[in-house]
Every structure is written in structure tokens, then in C-alpha cells.
file data.txt (compact mmCIF, C-alpha atoms and all ligand atoms)
# COMPACT_ATOMS: atom_id res chain seq x y z
CA MET G 1 105.77 105.24 88.71
CA ASN G 2 105.70 104.60 92.43
CA LEU G 3 105.13 100.96 93.30
CA LEU G 4 104.20 101.94 96.83
CA GLU G 5 102.91 105.22 98.15
CA PHE G 6 101.55 106.47 101.48
CA GLN G 7 99.49 109.63 101.01
CA ASN G 8 98.94 111.50 104.29
CA VAL G 9 98.15 108.30 106.15
CA SER G 10 96.85 108.45 109.73
CA PHE G 11 96.04 105.40 111.82
CA ALA G 12 94.89 105.04 115.44
CA TYR G 13 93.99 102.13 117.69
CA GLY G 14 90.90 103.67 119.29
CA GLU G 15 92.06 106.97 120.77
CA ASN G 16 95.71 106.01 120.50
CA ALA G 17 97.16 107.71 117.39
CA ILE G 18 99.93 105.50 115.97
CA LEU G 19 100.69 107.05 112.55
CA ARG G 20 100.04 110.71 111.86
CA ASP G 21 99.98 112.14 108.34
CA VAL G 22 102.67 109.81 107.00
CA SER G 23 103.64 110.27 103.35
CA LEU G 24 106.31 108.25 101.61
CA SER G 25 106.93 106.72 98.22
CA ILE G 26 109.01 103.94 96.76
CA SER G 27 109.62 103.42 93.08
CA ARG G 28 110.61 100.29 91.16
CA GLY G 29 114.19 99.29 91.85
CA GLN G 30 114.43 101.15 95.16
CA VAL G 31 115.33 99.66 98.53
CA VAL G 32 114.07 101.84 101.36
CA ALA G 33 114.64 101.48 105.10
CA ILE G 34 112.15 102.48 107.76
CA MET G 35 113.88 103.06 111.08
CA GLY G 36 112.35 103.93 114.38
CA GLY G 37 112.37 103.06 118.03
CA SER G 38 110.24 100.43 119.64
CA GLY G 39 106.56 101.32 119.36
CA SER G 40 107.11 104.02 116.73
CA GLY G 41 104.61 102.38 114.38
CA LYS G 42 106.81 100.38 111.99
CA THR G 43 104.83 97.14 112.18
CA THR G 44 101.60 99.09 111.91
CA LEU G 45 102.94 100.62 108.70
CA LEU G 46 103.65 97.16 107.26
CA LYS G 47 100.16 95.94 108.23
CA LEU G 48 98.63 98.88 106.35
CA ILE G 49 100.52 97.78 103.23
CA GLY G 50 99.33 94.18 103.60
CA GLY G 51 95.76 95.35 104.19
CA GLN G 52 95.58 93.74 107.67
CA LEU G 53 94.80 97.25 108.94
CA GLN G 54 93.09 100.17 107.24
CA ALA G 55 94.03 103.83 107.51
CA GLN G 56 91.42 106.14 108.99
CA GLN G 57 92.77 108.98 106.84
CA GLY G 58 94.81 109.09 103.66
CA ALA G 59 95.54 106.21 101.31
CA VAL G 60 98.07 103.44 100.74
CA TRP G 61 98.68 102.73 97.05
CA LEU G 62 100.33 99.50 95.96
CA ASP G 63 101.09 99.08 92.27
CA GLY G 64 98.27 101.48 91.35
CA GLU G 65 95.67 100.01 93.74
CA ASN G 66 94.23 101.71 96.82
CA VAL G 67 94.78 98.95 99.41
CA GLY G 68 92.22 100.35 101.88
CA ALA G 69 89.48 100.26 99.23
CA LEU G 70 89.91 96.59 98.30
CA ASN G 71 87.34 93.99 99.28
CA GLU G 72 88.37 90.54 100.50
CA SER G 73 88.94 89.00 97.07
CA GLY G 74 90.76 92.14 95.94
CA LEU G 75 93.04 91.88 98.98
CA TYR G 76 93.72 88.20 98.28
CA ALA G 77 94.77 89.03 94.71
CA MET G 78 96.81 92.06 95.84
CA ARG G 79 98.79 90.04 98.41
CA ARG G 80 100.19 87.97 95.58
CA LYS G 81 102.15 91.06 94.60
CA LEU G 82 103.71 91.20 98.07
CA GLY G 83 106.64 89.15 99.28
CA MET G 84 107.21 89.18 103.03
CA LEU G 85 110.16 88.13 105.11
CA PHE G 86 109.64 88.45 108.82
CA GLN G 87 112.14 88.20 111.62
CA PHE G 88 111.02 84.77 112.64
CA GLY G 89 109.47 83.96 109.25
CA ALA G 90 109.35 80.33 110.20
CA LEU G 91 109.77 77.60 107.64
CA PHE G 92 107.35 74.69 107.76
CA THR G 93 109.38 72.31 109.90
CA ASP G 94 107.89 69.14 108.43
CA LEU G 95 108.62 70.16 104.83
CA SER G 96 111.98 70.00 103.06
CA VAL G 97 113.68 73.16 101.82
CA PHE G 98 112.42 72.34 98.31
CA ASP G 99 108.82 71.90 99.47
CA ASN G 100 108.94 75.08 101.55
CA VAL G 101 109.83 77.11 98.48
CA ALA G 102 107.36 75.18 96.32
CA PHE G 103 104.54 75.81 98.82
CA PRO G 104 103.32 79.23 97.55
CA LEU G 105 103.65 78.05 93.94
CA ARG G 106 101.51 74.97 94.62
CA GLU G 107 99.05 77.01 96.69
CA ARG G 108 98.62 80.01 94.41
CA THR G 109 99.25 78.76 90.85
CA GLN G 110 98.13 75.95 88.57
CA LEU G 111 101.62 75.37 87.22
CA PRO G 112 102.63 71.81 86.38
CA GLU G 113 105.02 70.14 88.83
CA SER G 114 107.85 70.14 86.26
CA MET G 115 107.69 73.92 86.02
CA ILE G 116 107.41 74.29 89.79
CA ARG G 117 110.59 72.24 90.09
CA ASP G 118 112.46 74.58 87.73
CA LEU G 119 111.18 77.67 89.54
CA VAL G 120 112.08 76.32 92.99
CA LEU G 121 115.60 75.44 91.85
CA MET G 122 115.94 78.91 90.28
CA LYS G 123 114.88 80.65 93.51
CA LEU G 124 117.17 78.45 95.61
CA GLU G 125 120.05 79.13 93.21
CA ALA G 126 119.38 82.88 93.64
CA VAL G 127 119.98 82.58 97.41
CA GLY G 128 122.91 80.20 96.95
CA LEU G 129 121.14 77.16 98.43
CA ARG G 130 120.23 74.94 95.50
CA GLY G 131 122.50 72.39 97.14
CA ALA G 132 120.30 72.32 100.25
CA ALA G 133 117.04 71.51 98.41
CA GLN G 134 116.55 68.13 100.06
CA GLN G 135 117.51 69.20 103.60
CA MET G 136 115.00 69.68 106.39
CA PRO G 137 114.74 73.04 108.23
CA HIS G 138 116.26 71.67 111.46
CA GLU G 139 119.43 70.81 109.51
CA LEU G 140 120.00 74.46 108.54
CA SER G 141 121.87 77.23 110.33
CA GLY G 142 119.90 80.37 111.24
CA GLY G 143 121.40 82.26 108.31
CA MET G 144 120.56 79.48 105.84
CA ALA G 145 116.99 79.25 107.15
CA ARG G 146 116.58 83.00 106.61
CA ARG G 147 117.82 82.60 103.01
CA VAL G 148 115.37 79.74 102.35
CA ALA G 149 112.57 81.94 103.74
CA LEU G 150 113.77 84.61 101.33
CA ALA G 151 113.63 82.17 98.40
CA ARG G 152 110.07 81.27 99.45
CA ALA G 153 109.12 84.98 99.72
CA ILE G 154 110.22 85.64 96.13
CA ALA G 155 108.69 82.44 94.73
CA LEU G 156 105.73 84.27 93.16
CA ASP G 157 107.85 87.14 91.77
CA PRO G 158 106.37 89.85 94.00
CA ALA G 159 106.28 93.51 92.91
CA VAL G 160 107.07 94.71 96.42
CA MET G 161 109.13 93.00 99.13
CA LEU G 162 108.58 93.73 102.82
CA TYR G 163 111.29 92.83 105.32
CA ASP G 164 110.56 93.10 109.05
CA GLU G 165 113.85 93.04 110.99
CA PRO G 166 115.54 90.68 108.51
CA PHE G 167 118.93 90.90 110.27
CA THR G 168 117.84 90.05 113.80
CA GLY G 169 119.65 87.15 115.41
CA LEU G 170 122.14 86.58 112.59
CA ASP G 171 125.92 86.34 112.96
CA PRO G 172 127.89 89.09 111.16
CA ILE G 173 128.62 87.00 108.06
CA SER G 174 125.03 85.77 107.60
CA LEU G 175 123.87 89.32 108.24
CA ALA G 176 126.05 90.68 105.46
CA THR G 177 124.93 87.84 103.16
CA VAL G 178 121.25 88.54 103.77
CA GLY G 179 121.83 92.28 103.26
CA LYS G 180 123.61 91.66 99.98
CA LEU G 181 120.83 89.31 98.85
CA ILE G 182 118.12 91.86 99.65
CA ARG G 183 119.90 94.34 97.39
CA GLU G 184 120.76 91.89 94.60
CA LEU G 185 117.33 90.28 94.46
CA ASN G 186 115.67 93.68 94.40
CA ASP G 187 117.76 94.73 91.43
CA ALA G 188 117.49 91.42 89.58
CA LEU G 189 113.72 91.12 90.03
CA GLY G 190 112.96 94.83 89.47
CA THR G 191 110.96 95.00 92.70
CA ALA G 192 110.71 97.71 95.35
CA SER G 193 111.75 96.73 98.87
CA ILE G 194 110.95 98.10 102.31
CA VAL G 195 113.25 97.07 105.13
CA VAL G 196 112.08 97.75 108.67
CA THR G 197 115.19 97.57 110.80
CA HIS G 198 117.22 98.78 113.73
CA ASP G 199 120.42 97.79 112.01
CA VAL G 200 121.86 101.11 110.91
CA ALA G 201 125.26 100.02 109.56
CA GLU G 202 123.87 97.16 107.47
CA SER G 203 121.02 99.24 106.06
CA LEU G 204 123.13 102.23 105.14
CA ALA G 205 125.27 99.85 103.08
CA ILE G 206 122.40 98.51 100.97
CA VAL G 207 119.49 100.96 100.82
CA ASP G 208 118.79 103.95 98.57
CA TYR G 209 116.77 105.95 101.05
CA ILE G 210 115.89 105.99 104.75
CA TYR G 211 112.82 107.25 106.61
CA PHE G 212 113.06 107.80 110.37
CA LEU G 213 109.81 107.29 112.22
CA ALA G 214 109.24 108.59 115.76
CA GLU G 215 105.92 108.52 117.56
CA GLY G 216 104.08 107.99 114.30
CA VAL G 217 105.65 110.88 112.37
CA ILE G 218 108.45 110.86 109.80
CA VAL G 219 110.97 113.08 111.56
CA ALA G 220 113.87 112.75 109.12
CA GLN G 221 114.63 111.18 105.75
CA GLY G 222 117.43 111.03 103.23
CA THR G 223 119.94 109.01 101.25
CA PRO G 224 122.65 107.10 103.17
CA ASP G 225 125.14 109.94 102.52
CA GLU G 226 122.66 112.54 103.75
CA VAL G 227 121.90 110.45 106.82
CA ARG G 228 125.60 110.01 107.65
CA ALA G 229 126.11 113.76 107.40
CA SER G 230 122.92 114.65 109.28
CA THR G 231 123.06 116.58 112.53
CA HIS G 232 119.39 115.84 113.22
CA PRO G 233 119.13 114.69 116.85
CA TYR G 234 116.94 111.63 116.08
CA VAL G 235 119.28 110.54 113.32
CA GLN G 236 122.30 111.07 115.55
CA GLN G 237 120.72 109.03 118.32
CA PHE G 238 120.13 106.15 115.92
CA ILE G 239 123.50 106.23 114.23
CA ASN G 240 125.37 106.44 117.51
CA ALA G 241 123.02 103.95 119.19
CA ARG G 242 122.47 106.22 122.20
CA PRO G 243 119.92 104.76 124.62
CA ASP G 244 118.53 108.17 125.51
CA GLY G 245 117.92 111.28 123.43
CA PRO G 246 114.92 112.63 121.53
CA LEU G 247 113.67 109.03 121.68
CA PRO G 248 113.42 108.73 125.45
CA PHE G 249 114.60 105.68 127.36
CA HIS G 250 111.63 106.12 129.70
CA LYS G 251 108.10 105.67 128.45
CA PRO G 252 106.07 108.61 129.88
CA ALA G 253 104.82 107.60 133.34
CA PRO G 254 103.34 109.23 136.45
CA ILE G 255 105.83 110.97 138.76
CA TYR G 256 107.77 108.13 140.39
CA ALA G 257 107.73 109.52 143.94
CA GLU G 258 103.97 110.05 143.75
CA GLN G 259 103.43 106.53 142.46
CA LEU G 260 105.51 105.15 145.33
CA GLY G 261 103.42 107.24 147.75
CA LEU G 262 106.40 109.33 148.91
N1 LIG G 301 96.33 95.58 118.38
C1 LIG G 301 96.72 96.68 119.02
N2 LIG G 301 95.86 97.35 119.81
C2 LIG G 301 96.21 98.48 120.45
N3 LIG G 301 97.45 99.04 120.37
C3 LIG G 301 98.37 98.41 119.61
C4 LIG G 301 98.06 97.20 118.90
N4 LIG G 301 99.16 96.82 118.22
C5 LIG G 301 100.13 97.73 118.49
N5 LIG G 301 99.66 98.70 119.31
C6 LIG G 301 100.39 99.88 119.79
O1 LIG G 301 100.77 100.64 118.67
C7 LIG G 301 102.06 101.24 118.83
C8 LIG G 301 102.92 100.95 117.62
O2 LIG G 301 103.13 99.57 117.51
P1 LIG G 301 104.01 98.92 116.34
O3 LIG G 301 103.98 97.45 116.57
O4 LIG G 301 103.56 99.44 115.03
O5 LIG G 301 105.44 99.51 116.69
P2 LIG G 301 106.89 99.10 116.14
O6 LIG G 301 107.54 100.37 115.70
O7 LIG G 301 106.75 98.02 115.13
O8 LIG G 301 107.60 98.57 117.45
P3 LIG G 301 108.70 97.39 117.65
O9 LIG G 301 109.96 97.86 117.01
O10 LIG G 301 108.81 97.31 119.15
O11 LIG G 301 108.12 96.16 117.03
C9 LIG G 301 102.60 100.66 120.14
O12 LIG G 301 102.48 101.67 121.14
C10 LIG G 301 101.70 99.49 120.46
O13 LIG G 301 101.55 99.36 121.85
call {"tool": "encode", "arguments": {"input": "data.txt", "output": "C-alpha cells"}}
result
Amino acid sequence: MNLLEFQNVSFAYGENAILRDVSLSISRGQVVAIMGGSGSGKTTLLKLIGGQLQAQQGAVWLDGENVGALNESGLYAMRRKLGMLFQFGALFTDLSVFDNVAFPLRERTQLPESMIRDLVLMKLEAVGLRGAAQQMPHELSGGMARRVALARAIALDPAVMLYDEPFTGLDPISLATVGKLIRELNDALGTASIVVTHDVAESLAIVDYIYFLAEGVIVAQGTPDEVRASTHPYVQQFINARPDGPLPFHKPAPIYAEQLGL
């Protein structure tokens, strides 16, 4: 069964169409990357999954529920099934590493403190940072902070993990560590993961499938091997990191000379 499915989803801000007839699916155990240029609609796609936005057409299904049809209490319950790690997914600076990871457990469950302790230590062990439990966020490196945020995101054993640019700002070793953790945690927890990223090399190493989004449409998709072998111009532009190509460097604008009054 698909844990997450977009069925012909269209979304617009007013007149401005952002996603057009997007269909994709992710089953349990899969890690899928969504790649696309700036403004292609990646964050909008994540907000549709979280129910912060609603599709005007089509449906988003998460673990058998139509997200767009949920009322407020339904959304609150549904979000418990989602783990999110955002680029600057800030830790609470005045809480220790331990208390950061304990936060969602204390907030969303009635578990006794002894059980919360065991769960927090288990999640920290999973990201290799049990030894940092008593440290404060400012004492951590950027890579360690990202791993603590990851431990916090999986605290409630989500069915689906969403990662928004999880590699941004990390040194190469931390980047590889976070990539490896995304894959390992997905497999160990039996979740489905969506990774929104620009980082082609790192993603191809860890994901099962890639969707390329351009101007709100899925223009190409495939497994890492298919993507590497693809001659599709969008895919080529991404893989070779070319600044210009089917994804233009210039946002459409009036004719320059006319705008300058020449
Ligand atoms: N609240 C909003 N109101 C109107 N337009 C918006 C709003 N939020 C985003 N947009 C527009 O929607 C388009 C898609 O934005 P989105 O944030 O989904 O892109 P993205 O692919 O995540 O880009 P990036 O990689 O730069 O974060 C952009 O053109 C943006 O200007």
C-alpha cells in the first residue's frame, strides 16, 4: 500500500498556478527525492502533505486518509504520523539535547517519565548521539544539531518523514552522515521518506526514486540508475549543475531595453 499518494493534484495561489496535475506515490520503506529549481513548487508540495495548504484539484492521501478532507482535529491527529526535518529545523536553544528530543513525547503522549527517558535514549542512540544527551544546542556542531533534530523528528515513530533540504550548510562528512542516517532510519523504522533537495550526488546515493519538478509539473522521474543514464535536458541540467538550460537562469521579465527606456 502507498503511504503517501498525490492524485492529479493542482494548487494555485490566486491566479498563480504552482502545481499542475501532479501525481506521485511512495510506499512503505521507500526513500524518494523531489528535485527542482527554486520556485518549482517543492515547499508547496510539502505543505500540501502537512495540510497547511489544500489542493484545489485532486487529492493527497497519507496513510489512507485524504489530507484535504480532514477537519482541524483530524489534521492534528494526522500530523502525529508525520516527522519533519527542515533545513533550519531549529532546536529549542534553552533546552538540553535530551529535553529537545523528549519535547514531542511530553507534548503528545501521556507516557511516564521513565519510559520517555528510555525512548529519548533510544532515539539519540539511533543518531549516534546518546553521549550528547546533557549538552546544550550551542555546544553542538551544525552536523550534530541536525542529527539531534532528526532524533526529535522520529521521536513519535512517524509513518512518513519529510526532509526539506536536509543537507544544506553541512560539511561533506556531516552531509554523508545525515544521508546515511536518513536511509538507515527509514529502513529500521519502516517509514516512507520524502527528501526535497538540490543535492544530486548525495540523493542518488541514498534514494530509491527521484521526481524532477519544473514549473509545477513532474517533467522526469526514475531510479538513480535511470536518472544517471537519462538524456532528458532537465535531468542533465541538474546532474551537471548547469546554471542555464531548460530551467532558465533568468526569470521571465519585460524586454530589458524597453524597461530601461532605450
Ligand atoms: N504565500 C504565497 N503566496 C503567493 N505565492 C507564493 C506563496 N508562497 C510561495 N509562492 C510562490 O509559489 C511558487 C513556488 O514556491 P515554493 O516555495 O513551493 O517553491 P520551492 O520549489 O520550494 O522553491 P525554493 O527551492 O526556492 O524554496 C514561487 O513562485 C513562490 O513565489
call {"tool": "closest_atom_pairs", "arguments": {"input": "data.txt", "of": "chain G", "to": "ligand LIG 301 (chain G)", "cutoff": "9 Å", "atoms": "only C-alpha atoms and all ligand atoms", "output": "JSON lines"}}
result
{"residue": "G:Ala12", "atom": "CA", "partner": "G:LIG301", "partner_atom": "O1", "distance": 8.0}
{"residue": "G:Tyr13", "atom": "CA", "partner": "G:LIG301", "partner_atom": "C2", "distance": 5.1}
{"residue": "G:Gly14", "atom": "CA", "partner": "G:LIG301", "partner_atom": "C2", "distance": 7.5}
{"residue": "G:Asn16", "atom": "CA", "partner": "G:LIG301", "partner_atom": "N3", "distance": 7.2}
{"residue": "G:Ala17", "atom": "CA", "partner": "G:LIG301", "partner_atom": "O1", "distance": 8.0}
{"residue": "G:Ile18", "atom": "CA", "partner": "G:LIG301", "partner_atom": "C7", "distance": 5.6}
{"residue": "G:Leu19", "atom": "CA", "partner": "G:LIG301", "partner_atom": "C8", "distance": 8.2}
{"residue": "G:Met35", "atom": "CA", "partner": "G:LIG301", "partner_atom": "O6", "distance": 8.3}
{"residue": "G:Gly36", "atom": "CA", "partner": "G:LIG301", "partner_atom": "O6", "distance": 6.1}
{"residue": "G:Gly37", "atom": "CA", "partner": "G:LIG301", "partner_atom": "O9", "distance": 5.8}
{"residue": "G:Ser38", "atom": "CA", "partner": "G:LIG301", "partner_atom": "O10", "distance": 3.5}
{"residue": "G:Gly39", "atom": "CA", "partner": "G:LIG301", "partner_atom": "O5", "distance": 3.4}
{"residue": "G:Ser40", "atom": "CA", "partner": "G:LIG301", "partner_atom": "O6", "distance": 3.8}
{"residue": "G:Gly41", "atom": "CA", "partner": "G:LIG301", "partner_atom": "O4", "distance": 3.2}
{"residue": "G:Lys42", "atom": "CA", "partner": "G:LIG301", "partner_atom": "O6", "distance": 3.8}
{"residue": "G:Thr43", "atom": "CA", "partner": "G:LIG301", "partner_atom": "O7", "distance": 3.6}
{"residue": "G:Thr44", "atom": "CA", "partner": "G:LIG301", "partner_atom": "O4", "distance": 3.7}
{"residue": "G:Leu45", "atom": "CA", "partner": "G:LIG301", "partner_atom": "O4", "distance": 6.5}
{"residue": "G:Leu46", "atom": "CA", "partner": "G:LIG301", "partner_atom": "O4", "distance": 8.1}
{"residue": "G:Lys47", "atom": "CA", "partner": "G:LIG301", "partner_atom": "O4", "distance": 8.4}
{"residue": "G:Asp164", "atom": "CA", "partner": "G:LIG301", "partner_atom": "O7", "distance": 8.7}
{"residue": "G:Glu165", "atom": "CA", "partner": "G:LIG301", "partner_atom": "O9", "distance": 8.6}
{"residue": "G:Val196", "atom": "CA", "partner": "G:LIG301", "partner_atom": "O7", "distance": 8.4}
{"residue": "G:Thr197", "atom": "CA", "partner": "G:LIG301", "partner_atom": "O9", "distance": 8.1}
{"residue": "G:His198", "atom": "CA", "partner": "G:LIG301", "partner_atom": "O9", "distance": 8.0}
{"residue": "G:Leu213", "atom": "CA", "partner": "G:LIG301", "partner_atom": "O6", "distance": 8.1}
{"residue": "G:Ala214", "atom": "CA", "partner": "G:LIG301", "partner_atom": "O6", "distance": 8.4}
{"residue": "G:Glu215", "atom": "CA", "partner": "G:LIG301", "partner_atom": "C8", "distance": 8.1}
{"residue": "G:Gly216", "atom": "CA", "partner": "G:LIG301", "partner_atom": "C8", "distance": 7.9}
call {"tool": "residues_near_point", "arguments": {"input": "data.txt", "point": "(115.1, 104.1, 94.2)", "cutoff": "10 Å", "atoms": "all atoms listed in the file", "output": "PyMOL selection string"}}
result
chain G and resi 2+25-32+192-193+207-209+223
call {"tool": "residues_around", "arguments": {"input": "data.txt", "residues": "Ile210 of chain G", "least_positions_apart": "6", "cutoff": "10 Å", "atoms": "all atoms listed in the file", "output": "list in words"}}
result
Val31, Val32, Ala33, Ile34, Met35, Ile194, Val195, Val196, Val200, Ser203, Leu204, Ala220, Gln221, Gly222, Thr223, Pro224, Glu226 and Val227 of chain G
call {"tool": "closest_residue", "arguments": {"input": "data.txt", "among": "G:Asp118, G:Glu5, G:Asp187, G:Glu125", "to": "Leu62 of chain G", "atoms": "only C-alpha atoms"}}
result
G:Glu5
call {"tool": "atom_distance", "arguments": {"input": "data.txt", "atom1": "atom CA of Leu121 of chain G", "atom2": "atom CA of Asp99 of chain G"}}
result
10.8 Å
call {"tool": "residues_near_point", "arguments": {"input": "data.txt", "point": "(110.6, 73.1, 107.4)", "cutoff": "9 Å", "atoms": "only C-alpha atoms", "output": "PyMOL selection string"}}
result
chain G and resi 90-97+99-100+135-138+145
call {"tool": "closest_residue", "arguments": {"input": "data.txt", "among": "G:Leu140, G:Leu4, G:Leu119, G:Val9", "to": "Val217 of chain G", "atoms": "all atoms listed in the file"}}
result
G:Val9
call {"tool": "atom_distance", "arguments": {"input": "data.txt", "atom1": "atom CA of Asn71 of chain G", "atom2": "atom CA of Gln56 of chain G"}}
result
16.1 Å
call {"tool": "closest_residue", "arguments": {"input": "data.txt", "among": "G:Phe103, G:Phe98, G:Phe6, G:Tyr76", "to": "Ile218 of chain G", "atoms": "all atoms listed in the file"}}
result
G:Phe6
call {"tool": "atom_distance", "arguments": {"input": "data.txt", "atom1": "atom CA of Gly131 of chain G", "atom2": "atom CA of Met144 of chain G"}}
result
11.4 Å
call {"tool": "closest_residue", "arguments": {"input": "data.txt", "among": "G:Arg228, G:Arg20, G:Gly64, G:Arg146", "to": "Met1 of chain G", "atoms": "only C-alpha atoms"}}
result
G:Gly64
call {"tool": "axis_aligned_box", "arguments": {"input": "data.txt", "around": "segment 173-192 of chain G", "padding_each_side": "5 Å", "output": "lines of an AutoDock Vina configuration file"}}
result
center_x = 119.7
center_y = 91.7
center_z = 98.9
size_x = 27.9
size_y = 21.9
size_z = 28.8
call {"tool": "closest_residue", "arguments": {"input": "data.txt", "among": "G:Asn240, G:Thr231, G:Asn8, G:Gln87", "to": "Gly143 of chain G", "atoms": "only C-alpha atoms"}}
result
G:Gln87
call {"tool": "closest_residue", "arguments": {"input": "data.txt", "among": "G:Val120, G:Ala132, G:Leu75, G:Met84", "to": "Ala155 of chain G", "atoms": "all atoms listed in the file"}}
result
G:Val120
call {"tool": "decode", "arguments": {"input": "data.txt", "residues": "segment 166-249 of chain G", "atoms": "C-alpha atoms", "output": "mmCIF file, in the first residue's frame"}}
result
data_model
loop_
_atom_site.group_PDB
_atom_site.id
_atom_site.type_symbol
_atom_site.label_atom_id
_atom_site.label_comp_id
_atom_site.auth_asym_id
_atom_site.auth_seq_id
_atom_site.Cartn_x
_atom_site.Cartn_y
_atom_site.Cartn_z
ATOM 1 C CA PRO G 166 18.424 18.311 4.969
ATOM 2 C CA PHE G 167 21.974 18.649 3.597
ATOM 3 C CA THR G 168 22.180 22.432 3.342
ATOM 4 C CA GLY G 169 25.077 24.030 5.162
ATOM 5 C CA LEU G 170 26.747 20.787 6.250
ATOM 6 C CA ASP G 171 30.399 19.868 5.711
ATOM 7 C CA PRO G 172 30.976 16.814 3.463
ATOM 8 C CA ILE G 173 31.356 14.349 6.343
ATOM 9 C CA SER G 174 28.256 15.521 8.230
ATOM 10 C CA LEU G 175 26.399 15.536 4.932
ATOM 11 C CA ALA G 176 27.271 11.910 4.267
ATOM 12 C CA THR G 177 26.371 11.020 7.870
ATOM 13 C CA VAL G 178 22.955 12.656 7.629
ATOM 14 C CA GLY G 179 22.344 10.980 4.251
ATOM 15 C CA LYS G 180 23.240 7.582 5.661
ATOM 16 C CA LEU G 181 21.002 8.185 8.693
ATOM 17 C CA ILE G 182 18.032 9.148 6.518
ATOM 18 C CA ARG G 183 18.378 5.829 4.700
ATOM 19 C CA GLU G 184 19.068 3.690 7.784
ATOM 20 C CA LEU G 185 16.301 5.199 9.897
ATOM 21 C CA ASN G 186 13.830 4.798 7.057
ATOM 22 C CA ASP G 187 14.658 1.118 6.761
ATOM 23 C CA ALA G 188 14.793 0.458 10.505
ATOM 24 C CA LEU G 189 11.513 2.256 11.256
ATOM 25 C CA GLY G 190 9.658 1.014 8.153
ATOM 26 C CA THR G 191 8.663 4.563 7.210
ATOM 27 C CA ALA G 192 8.430 6.284 3.838
ATOM 28 C CA SER G 193 10.633 9.346 3.351
ATOM 29 C CA ILE G 194 10.469 12.343 1.035
ATOM 30 C CA VAL G 195 13.650 14.343 0.628
ATOM 31 C CA VAL G 196 13.370 17.743 -1.033
ATOM 32 C CA THR G 197 16.871 18.611 -2.119
ATOM 33 C CA HIS G 198 19.225 20.207 -4.596
ATOM 34 C CA ASP G 199 21.967 17.819 -3.622
ATOM 35 C CA VAL G 200 22.093 15.420 -6.543
ATOM 36 C CA ALA G 201 25.147 13.328 -5.639
ATOM 37 C CA GLU G 202 24.063 12.714 -2.042
ATOM 38 C CA SER G 203 20.487 11.878 -3.002
ATOM 39 C CA LEU G 204 21.361 9.499 -5.799
ATOM 40 C CA ALA G 205 23.412 7.557 -3.246
ATOM 41 C CA ILE G 206 20.543 7.026 -0.798
ATOM 42 C CA VAL G 207 17.157 7.246 -2.529
ATOM 43 C CA ASP G 208 15.079 4.656 -4.385
ATOM 44 C CA TYR G 209 13.363 7.036 -6.757
ATOM 45 C CA ILE G 210 13.560 10.649 -7.926
ATOM 46 C CA TYR G 211 10.910 13.044 -9.215
ATOM 47 C CA PHE G 212 12.015 16.189 -11.061
ATOM 48 C CA LEU G 213 9.666 19.117 -10.687
ATOM 49 C CA ALA G 214 9.773 22.134 -13.013
ATOM 50 C CA GLU G 215 7.229 24.927 -13.020
ATOM 51 C CA GLY G 216 4.771 22.787 -11.094
ATOM 52 C CA VAL G 217 4.904 19.728 -13.353
ATOM 53 C CA ILE G 218 6.786 16.451 -12.924
ATOM 54 C CA VAL G 219 8.997 16.549 -16.002
ATOM 55 C CA ALA G 220 11.079 13.442 -15.335
ATOM 56 C CA GLN G 221 11.272 10.576 -12.850
ATOM 57 C CA GLY G 222 13.202 7.380 -12.309
ATOM 58 C CA THR G 223 15.515 5.274 -10.183
ATOM 59 C CA PRO G 224 19.056 6.578 -9.537
ATOM 60 C CA ASP G 225 20.410 4.355 -12.353
ATOM 61 C CA GLU G 226 17.756 5.616 -14.760
ATOM 62 C CA VAL G 227 18.471 9.199 -13.759
ATOM 63 C CA ARG G 228 22.232 8.775 -14.260
ATOM 64 C CA ALA G 229 21.619 7.344 -17.728
ATOM 65 C CA SER G 230 18.954 9.905 -18.662
ATOM 66 C CA THR G 231 19.458 12.250 -21.587
ATOM 67 C CA HIS G 232 16.464 14.342 -20.532
ATOM 68 C CA PRO G 233 17.544 18.006 -20.685
ATOM 69 C CA TYR G 234 16.143 18.912 -17.225
ATOM 70 C CA VAL G 235 17.825 15.922 -15.657
ATOM 71 C CA GLN G 236 21.087 16.724 -17.422
ATOM 72 C CA GLN G 237 20.951 20.314 -16.228
ATOM 73 C CA PHE G 238 20.523 19.144 -12.644
ATOM 74 C CA ILE G 239 23.141 16.430 -12.694
ATOM 75 C CA ASN G 240 25.710 18.668 -14.331
ATOM 76 C CA ALA G 241 24.689 21.673 -12.219
ATOM 77 C CA ARG G 242 24.392 23.944 -15.267
ATOM 78 C CA PRO G 243 23.102 27.400 -14.328
ATOM 79 C CA ASP G 244 21.147 27.758 -17.555
ATOM 80 C CA GLY G 245 19.170 25.260 -19.607
ATOM 81 C CA PRO G 246 15.514 24.232 -19.685
ATOM 82 C CA LEU G 247 15.374 25.782 -16.203
ATOM 83 C CA PRO G 248 16.265 29.336 -17.193
ATOM 84 C CA PHE G 249 18.710 31.462 -15.226
#
